[in-house]
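Participant: Starting off with a structure, shown below.
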Amino acid sequence: MSNVPGKTRSGAITDGPSRAPARSMLKAVGFDDDALGRPIIGVANTWIEIGPCNFHLRRLAEHVKAGVRAAGGTPMEFNTISISDGITMGSEGMRASLVSREVIADSIELVARGNMFDGLVVLVGCDKTIPGGVMALARLDVPGLVLYGGSIAPGQYDSHDVTIQDVFEAVGTHAAGNMTDQQLATLEAAACPGAGACGGQFTANTMSMVCELIGISPMGCNAVPALDSRKEEVAQDAGKLVMELARSNRCPRQVMTREALENGIASVAATGGSTNAVLHMLAIAREAGVSLTIDDFDRVSRRTPLLADLKPGGRFVATDLYQAGGSRLLAGRLLEAGILNADPVTVTGKTIGVEASSATEAPGQEVVRPVSDPITPTGGLVVLKGNLSPDGCVVKVAGGYETRRHRGPARVFDSEEACFAAVEKGVLETGDVVVIRYEGPRGGPGMREMLAVTAAIVGAGLGDSVALLTDGRFSGATRGLMAGHVSPEAAEGGPIAAIRDGDVVVFDLQARELRVELDDVEIASRLREWQAPAPRYTSGVMAKYSRLVTSASEGAVTVA
């Protein structure tokens with residue numbers, strides 16, 4: 001073992017006469033003896049030039065590497081994949097999105113294990129890169145941290161801020177005849193003004209905040225917007241920090257405890273964050289060896305007030321939150337409310353309580369409400385069970401859905417495309433319960449997000465009068481009475497497979513129930529007659545994923 005502080009793993013690759021061949025190959029790409037004698041830090045980059053979320057990460061990686069070198073380490077950058085949810089949404093390509101989370105985690109794990117890095121910085125941007133990166137760190141349990149590339153700036157349309165959410169909803173408005181072709185084209189061109197992840201409290205910004213609250217990202221660093229000049233300084237600091245982690249051998253599982261994960265759940269509940277956080281945090285907990293269930297999300301949400309007025313349910317975007325005081329301000333509010341577990345240690349070496357207690361607040365800010373005046377007294381996540389979803393489903397509630405009850409006839413669709421066509425044709429009616437099935441982790445495969453459909457429903461003026469349930473999932477930009485992750489899924493013979501057009505479905509958020517007005521005998525009879533559809537893919541990564549993936553209620557992770 002090397003006697004260089006922090007070089008606890010990579011010496012097996014770089015040290016001694018027997019490693020001359022390895023050193024020879026590393027010297028071919030510019031690493032000299034001095035560099036190879038230092039701790040080796042992997043920089044896992046999820047850069048792609050397909051879409052804005054990760055587009056700037058190649059530049060940001062240079063600043064991370066500069067920080068590693070300044071602190072006495074040698075960075076080695078490598079790339080993994082990313083799928084842009086916003087680009088693939090509503091298409092067959094969206095099936096690849098959740099699958100990519102597993103591939104990202106697997107690929108980071110493999111490169112890090114193969115090269116025996118002493119530490120790891122994971123640069124993330126779009127939705128699945130964040131949980132995929134955290135999952136890899138939890139598996140490897142080598143000193144490391146996650147750095148989020150930051151949020152996009154809001155666009156400007158008709159003298160107000162807009163995000164990609166507005167474009168998706170505009171599609172429904174346009175289809176309903178309430179927006180011209182030119183208006184849609186103008187909005188399309190204005191909504192995304194540069195690099196950075198989608199601007200509301202959608203999945204990327206939700207998981208970015210989760211990373212800070214569970215302590216795997218330095219508090220306040222992720223929230224710096226993508227193109228803010230301070231982001232380069234933050235990246236350098238991350239490179240320096242990972243060297244401290246390597247020298248002290250502080251590892252991710254020391255940070256990602258049960259108490260820390262509950263802090264992450266509270267941040268989702270308090271900000272009206274994405275339902276995808278349920279899937280991702282269940283997966284992260286599994287990799288970290290922490291016991292966490294879908295019921296924990298409802299339990300924590302019940303005790304957590306909704307404090308942040310963020311899109312999609314509220315008024316403000318991520319850059320507004322940053323200017324108001326950022327995730328540290330939100331953590332400070334949770335500490336004040338007695339909800340934050342103050343003891344977990346973060347990657348900075350400070351406890352989350354110490355980090356939260358140093359929060360500052362911009363004068364007159366309206367983004368994060370006082371604890372004494374919450375938007376709602378309970379949080380933004382509700383877990384429903386019942387005869388349609390015995391293993392649970394997830395609803396995002398914001399702005400008064402807590403006491404909402406909806407009862408109506410089912411309109412059943414066996415794919416997202418079939419439902420979207422019905423919305424475009426204007427055949428849905430007030431009171432309907434839209435059912436989209438065979439879009440779960442196994443049946444999809446890949447559990448597509450339904451933003452194209454949900455946004456079109458809102459854009460068509462039906463957001464307050466139509467409910468929706470699916471064994472698929474939702475974008476963080478989805479709003480309205482929408483239940484996702486219905487488990488067991490239809491492809492596995494879950495009760496959602498038994499629903500027929502006209503069956504009466506009841507959403508009861510107060511009772512935490514999702515049910516169809518059929519008795520158990522009738523449901524069982526229908527399921528005996530049910531036949532599983534043929535798989536959409538019989539070879540390749542999609543078929544492999546379909547064979548190995550678990551239920552959404554378990555995080556939709558792949559297991560051998």
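Residues in the structure tokens are named by chain (A, B, ... in the order shown) and by number from 1 within that chain; ligands are numbered from 1 in the order shown.
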I want to know what sits within 8 Å of stretch 98-100 of chain A, based on only C-alpha atoms, with residues of the same chain fewer than 6 positions away left out; could you give that as a ChimeraX atom specification?

Facilitator: /A:81-83,128,446-448,542,545

Participant: Write out as a PyMOL selection string each polymer residue whose atoms come within 8 Å of stretch 4-21 of chain A, counting only C-alpha atoms; drop sequence neighbours fewer than 6 positions from it.

Facilitator: chain A and resi 36-40+115-118+243+246-249

Participant: Write a file of the just-selected residues containing all heavy atoms, as a compact mmCIF listing (two decimals), in the first residue's frame.

Facilitator:
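Contents of selection_24.txt, freshly written:
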# COMPACT_ATOMS: atom_id res chain seq x y z
N LEU A 36 1.28 10.04 -11.35
CA LEU A 36 0.88 8.69 -10.97
C LEU A 36 1.22 8.37 -9.52
O LEU A 36 0.68 7.42 -8.95
CB LEU A 36 1.53 7.67 -11.90
CG LEU A 36 1.12 7.79 -13.37
CD1 LEU A 36 1.88 6.80 -14.23
CD2 LEU A 36 -0.39 7.61 -13.53
N GLY A 37 2.07 9.17 -8.91
CA GLY A 37 2.40 8.98 -7.50
C GLY A 37 1.39 9.63 -6.57
O GLY A 37 1.47 9.44 -5.34
N ARG A 38 0.48 10.38 -7.11
CA ARG A 38 -0.52 11.07 -6.29
C ARG A 38 -1.80 10.24 -6.21
O ARG A 38 -2.02 9.32 -6.99
CB ARG A 38 -0.84 12.43 -6.92
CG ARG A 38 0.35 13.37 -7.02
CD ARG A 38 -0.04 14.64 -7.76
NE ARG A 38 1.09 15.58 -7.83
CZ ARG A 38 0.97 16.89 -7.70
NH1 ARG A 38 -0.23 17.43 -7.51
NH2 ARG A 38 2.03 17.67 -7.78
N PRO A 39 -2.71 10.58 -5.28
CA PRO A 39 -4.03 9.95 -5.29
C PRO A 39 -4.72 10.18 -6.64
O PRO A 39 -4.66 11.28 -7.20
CB PRO A 39 -4.78 10.66 -4.16
CG PRO A 39 -3.70 11.15 -3.24
CD PRO A 39 -2.55 11.53 -4.14
N ILE A 40 -5.35 9.14 -7.16
CA ILE A 40 -6.02 9.21 -8.46
C ILE A 40 -7.52 9.41 -8.22
O ILE A 40 -8.17 8.59 -7.55
CB ILE A 40 -5.78 7.93 -9.28
CG1 ILE A 40 -4.29 7.61 -9.39
CG2 ILE A 40 -6.41 8.07 -10.66
CD1 ILE A 40 -3.47 8.63 -10.13
N ASN A 115 -10.35 0.84 -12.40
CA ASN A 115 -9.17 1.70 -12.26
C ASN A 115 -8.80 1.99 -10.82
O ASN A 115 -7.83 2.69 -10.56
CB ASN A 115 -9.40 3.01 -13.03
CG ASN A 115 -9.45 2.77 -14.52
OD1 ASN A 115 -8.43 2.60 -15.17
ND2 ASN A 115 -10.67 2.75 -15.08
N MET A 116 -9.59 1.47 -9.90
CA MET A 116 -9.28 1.55 -8.47
C MET A 116 -8.98 2.97 -8.02
O MET A 116 -7.98 3.26 -7.36
CB MET A 116 -8.13 0.59 -8.12
CG MET A 116 -8.44 -0.83 -8.53
SD MET A 116 -7.26 -2.06 -7.97
CE MET A 116 -7.65 -2.14 -6.23
N PHE A 117 -9.89 3.88 -8.38
CA PHE A 117 -9.74 5.28 -8.02
C PHE A 117 -9.74 5.44 -6.49
O PHE A 117 -10.43 4.73 -5.77
CB PHE A 117 -10.87 6.12 -8.61
CG PHE A 117 -10.89 6.19 -10.10
CD1 PHE A 117 -12.08 6.02 -10.80
CD2 PHE A 117 -9.73 6.45 -10.82
CE1 PHE A 117 -12.10 6.10 -12.19
CE2 PHE A 117 -9.74 6.52 -12.21
CZ PHE A 117 -10.93 6.35 -12.90
N ASP A 118 -9.01 6.43 -6.04
CA ASP A 118 -8.97 6.77 -4.61
C ASP A 118 -10.15 7.65 -4.21
O ASP A 118 -10.46 7.77 -3.01
CB ASP A 118 -7.66 7.49 -4.28
CG ASP A 118 -6.45 6.62 -4.57
OD1 ASP A 118 -6.36 5.52 -3.99
OD2 ASP A 118 -5.61 7.03 -5.39
N MET A 243 -10.43 15.57 -2.45
CA MET A 243 -9.13 15.20 -1.90
C MET A 243 -9.16 15.12 -0.37
O MET A 243 -8.53 14.25 0.23
CB MET A 243 -8.07 16.21 -2.37
CG MET A 243 -7.71 16.07 -3.85
SD MET A 243 -7.03 14.46 -4.23
CE MET A 243 -5.54 14.48 -3.22
N ALA A 246 -10.77 11.83 0.36
CA ALA A 246 -9.85 10.70 0.13
C ALA A 246 -8.85 10.57 1.27
O ALA A 246 -8.56 9.46 1.74
CB ALA A 246 -9.13 10.88 -1.20
N ARG A 247 -8.33 11.69 1.74
CA ARG A 247 -7.31 11.63 2.80
C ARG A 247 -7.90 11.22 4.15
O ARG A 247 -7.23 10.60 4.97
CB ARG A 247 -6.60 12.98 2.90
CG ARG A 247 -5.66 13.22 1.71
CD ARG A 247 -5.08 14.61 1.69
NE ARG A 247 -4.15 14.77 0.56
CZ ARG A 247 -4.08 15.82 -0.24
NH1 ARG A 247 -4.92 16.85 -0.05
NH2 ARG A 247 -3.22 15.87 -1.22
N SER A 248 -9.16 11.58 4.36
CA SER A 248 -9.82 11.19 5.62
C SER A 248 -10.58 9.88 5.49
O SER A 248 -11.11 9.36 6.48
CB SER A 248 -10.78 12.29 6.08
OG SER A 248 -11.83 12.46 5.14
N ASN A 249 -10.64 9.36 4.25
CA ASN A 249 -11.38 8.12 3.95
C ASN A 249 -12.83 8.20 4.42
O ASN A 249 -13.39 7.24 4.95
CB ASN A 249 -10.69 6.90 4.55
CG ASN A 249 -11.11 5.61 3.84
OD1 ASN A 249 -11.37 5.61 2.64
ND2 ASN A 249 -11.17 4.52 4.58

Participant: Figure out the distance between atom CA of A:Pro75 and atom CA of A:Glu62, please, to one decimal in Å.

Facilitator: 9.7 Å

Participant: List the neighbours of A:Ile214 out to 6 Å using only C-alpha atoms; skip same-chain residues closer than 2 positions along the sequence, and give me the result as a PDB file with C-alpha atoms, in the first residue's frame.

Facilitator:
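Heads up, here's the output in out24.pdb:
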ATOM      1  CA  VAL A 210     -32.076  15.795  -2.255  1.00  0.00           C
ATOM      2  CA  CYS A 211     -28.322  15.372  -2.834  1.00  0.00           C
ATOM      3  CA  GLU A 212     -27.608  18.421  -0.678  1.00  0.00           C
ATOM      4  CA  ILE A 216     -23.654  13.685  -0.744  1.00  0.00           C
ATOM      5  CA  ALA A 260     -30.104  11.609   6.063  1.00  0.00           C
ATOM      6  CA  LEU A 261     -32.466   9.978   3.572  1.00  0.00           C
ATOM      7  CA  GLY A 264     -34.054  14.187   1.594  1.00  0.00           C
TER       8      GLY A 264
END

Participant: DSSP says strand (DSSP E) for which residues of stretch 308-489 of chain A? Put them as a ChimeraX atom specification?

Facilitator: /A:381-384,392-396,405-413,433-436,467-470,482-487

Participant: Just the helix (DSSP H, G or I) stuff from stretch 290-486 of chain A, please, per backbone DSSP, written as a ChimeraX atom specification.

Facilitator: /A:294-303,318-324,326-336,352-357,401-403,416-425,451-459

Participant: Please list as a PyMOL selection string every residue within 12 Å of stretch 427-429 of chain A, counting only C-alpha atoms and excluding residues in the same chain fewer than 3 positions away.

Facilitator: chain A and resi 176+408-413+418-424+432-435+453+456-458+460-468

Participant: Next, write the just-selected residues to a file, as a compact mmCIF listing (two decimals), in the first residue's frame, keeping N, CA, C and O atoms as the atom set.

Facilitator:
# COMPACT_ATOMS: atom_id res chain seq x y z
N ALA A 176 -56.33 22.47 -28.60
CA ALA A 176 -57.70 22.89 -28.28
C ALA A 176 -58.12 24.12 -29.08
O ALA A 176 -59.25 24.60 -28.94
N GLY A 408 -65.16 8.98 -10.79
CA GLY A 408 -65.61 9.09 -12.17
C GLY A 408 -65.38 7.82 -12.96
O GLY A 408 -64.73 6.88 -12.50
N PRO A 409 -65.92 7.81 -14.19
CA PRO A 409 -65.79 6.61 -15.03
C PRO A 409 -64.39 6.50 -15.65
O PRO A 409 -63.78 7.50 -16.02
N ALA A 410 -63.91 5.28 -15.76
CA ALA A 410 -62.59 5.03 -16.32
C ALA A 410 -62.62 5.16 -17.84
O ALA A 410 -63.57 4.70 -18.50
N ARG A 411 -61.59 5.80 -18.37
CA ARG A 411 -61.31 5.79 -19.81
C ARG A 411 -59.95 5.11 -19.97
O ARG A 411 -58.93 5.67 -19.61
N VAL A 412 -59.97 3.89 -20.48
CA VAL A 412 -58.81 3.01 -20.41
C VAL A 412 -58.02 3.03 -21.71
O VAL A 412 -58.59 2.86 -22.81
N PHE A 413 -56.70 3.19 -21.58
CA PHE A 413 -55.79 3.19 -22.73
C PHE A 413 -54.61 2.26 -22.41
O PHE A 413 -54.06 2.31 -21.32
N ALA A 418 -52.04 6.08 -27.33
CA ALA A 418 -53.50 6.00 -27.50
C ALA A 418 -54.20 7.08 -26.69
O ALA A 418 -55.17 7.70 -27.15
N CYS A 419 -53.69 7.34 -25.49
CA CYS A 419 -54.30 8.39 -24.67
C CYS A 419 -54.06 9.77 -25.26
O CYS A 419 -54.97 10.61 -25.30
N PHE A 420 -52.83 10.01 -25.72
CA PHE A 420 -52.51 11.33 -26.28
C PHE A 420 -53.40 11.62 -27.50
O PHE A 420 -53.87 12.75 -27.68
N ALA A 421 -53.62 10.61 -28.31
CA ALA A 421 -54.50 10.79 -29.48
C ALA A 421 -55.91 11.17 -29.05
O ALA A 421 -56.56 12.01 -29.68
N ALA A 422 -56.38 10.57 -27.96
CA ALA A 422 -57.72 10.89 -27.46
C ALA A 422 -57.79 12.32 -26.95
O ALA A 422 -58.79 13.03 -27.17
N VAL A 423 -56.72 12.78 -26.30
CA VAL A 423 -56.69 14.17 -25.83
C VAL A 423 -56.71 15.11 -27.01
O VAL A 423 -57.45 16.11 -27.02
N GLU A 424 -55.91 14.82 -28.02
CA GLU A 424 -55.85 15.69 -29.21
C GLU A 424 -57.20 15.76 -29.92
O GLU A 424 -57.57 16.80 -30.47
N ASP A 432 -63.93 12.39 -16.05
CA ASP A 432 -63.30 11.13 -16.44
C ASP A 432 -62.10 10.80 -15.56
O ASP A 432 -61.43 11.70 -15.02
N VAL A 433 -61.81 9.51 -15.45
CA VAL A 433 -60.57 9.02 -14.86
C VAL A 433 -59.79 8.31 -15.96
O VAL A 433 -60.19 7.25 -16.42
N VAL A 434 -58.73 8.93 -16.39
CA VAL A 434 -57.90 8.37 -17.46
C VAL A 434 -57.00 7.29 -16.87
O VAL A 434 -56.33 7.51 -15.85
N VAL A 435 -57.00 6.13 -17.51
CA VAL A 435 -56.14 5.01 -17.08
C VAL A 435 -55.18 4.69 -18.21
O VAL A 435 -55.60 4.36 -19.32
N VAL A 453 -48.82 13.74 -22.12
CA VAL A 453 -50.26 13.55 -21.90
C VAL A 453 -50.78 14.47 -20.82
O VAL A 453 -51.79 15.16 -20.99
N ALA A 456 -50.84 18.05 -21.88
CA ALA A 456 -51.87 18.27 -22.89
C ALA A 456 -53.26 18.35 -22.24
O ALA A 456 -54.12 19.13 -22.65
N ILE A 457 -53.49 17.52 -21.21
CA ILE A 457 -54.76 17.57 -20.49
C ILE A 457 -54.93 18.92 -19.81
O ILE A 457 -56.00 19.55 -19.88
N VAL A 458 -53.87 19.40 -19.15
CA VAL A 458 -53.92 20.72 -18.51
C VAL A 458 -54.12 21.80 -19.56
O VAL A 458 -54.95 22.72 -19.39
N ALA A 460 -55.51 21.61 -22.36
CA ALA A 460 -56.85 21.56 -22.94
C ALA A 460 -57.92 22.06 -21.98
O ALA A 460 -59.11 22.03 -22.30
N GLY A 461 -57.51 22.50 -20.78
CA GLY A 461 -58.46 23.05 -19.82
C GLY A 461 -59.13 22.01 -18.95
O GLY A 461 -60.13 22.31 -18.28
N LEU A 462 -58.59 20.78 -18.91
CA LEU A 462 -59.21 19.70 -18.14
C LEU A 462 -58.43 19.35 -16.88
O LEU A 462 -58.75 18.37 -16.20
N GLY A 463 -57.42 20.13 -16.55
CA GLY A 463 -56.54 19.79 -15.44
C GLY A 463 -57.24 19.69 -14.10
O GLY A 463 -56.83 18.92 -13.23
N ASP A 464 -58.31 20.46 -13.90
CA ASP A 464 -59.02 20.44 -12.62
C ASP A 464 -60.22 19.51 -12.62
O ASP A 464 -60.88 19.36 -11.59
N SER A 465 -60.52 18.87 -13.75
CA SER A 465 -61.74 18.08 -13.83
C SER A 465 -61.53 16.65 -14.26
O SER A 465 -62.47 15.85 -14.25
N VAL A 466 -60.31 16.29 -14.65
CA VAL A 466 -59.99 14.94 -15.08
C VAL A 466 -58.87 14.41 -14.19
O VAL A 466 -57.88 15.11 -13.94
N ALA A 467 -59.01 13.18 -13.70
CA ALA A 467 -57.94 12.52 -12.95
C ALA A 467 -57.27 11.50 -13.85
O ALA A 467 -57.83 11.09 -14.88
N LEU A 468 -56.08 11.08 -13.45
CA LEU A 468 -55.33 10.13 -14.26
C LEU A 468 -54.56 9.19 -13.35
O LEU A 468 -54.02 9.60 -12.32
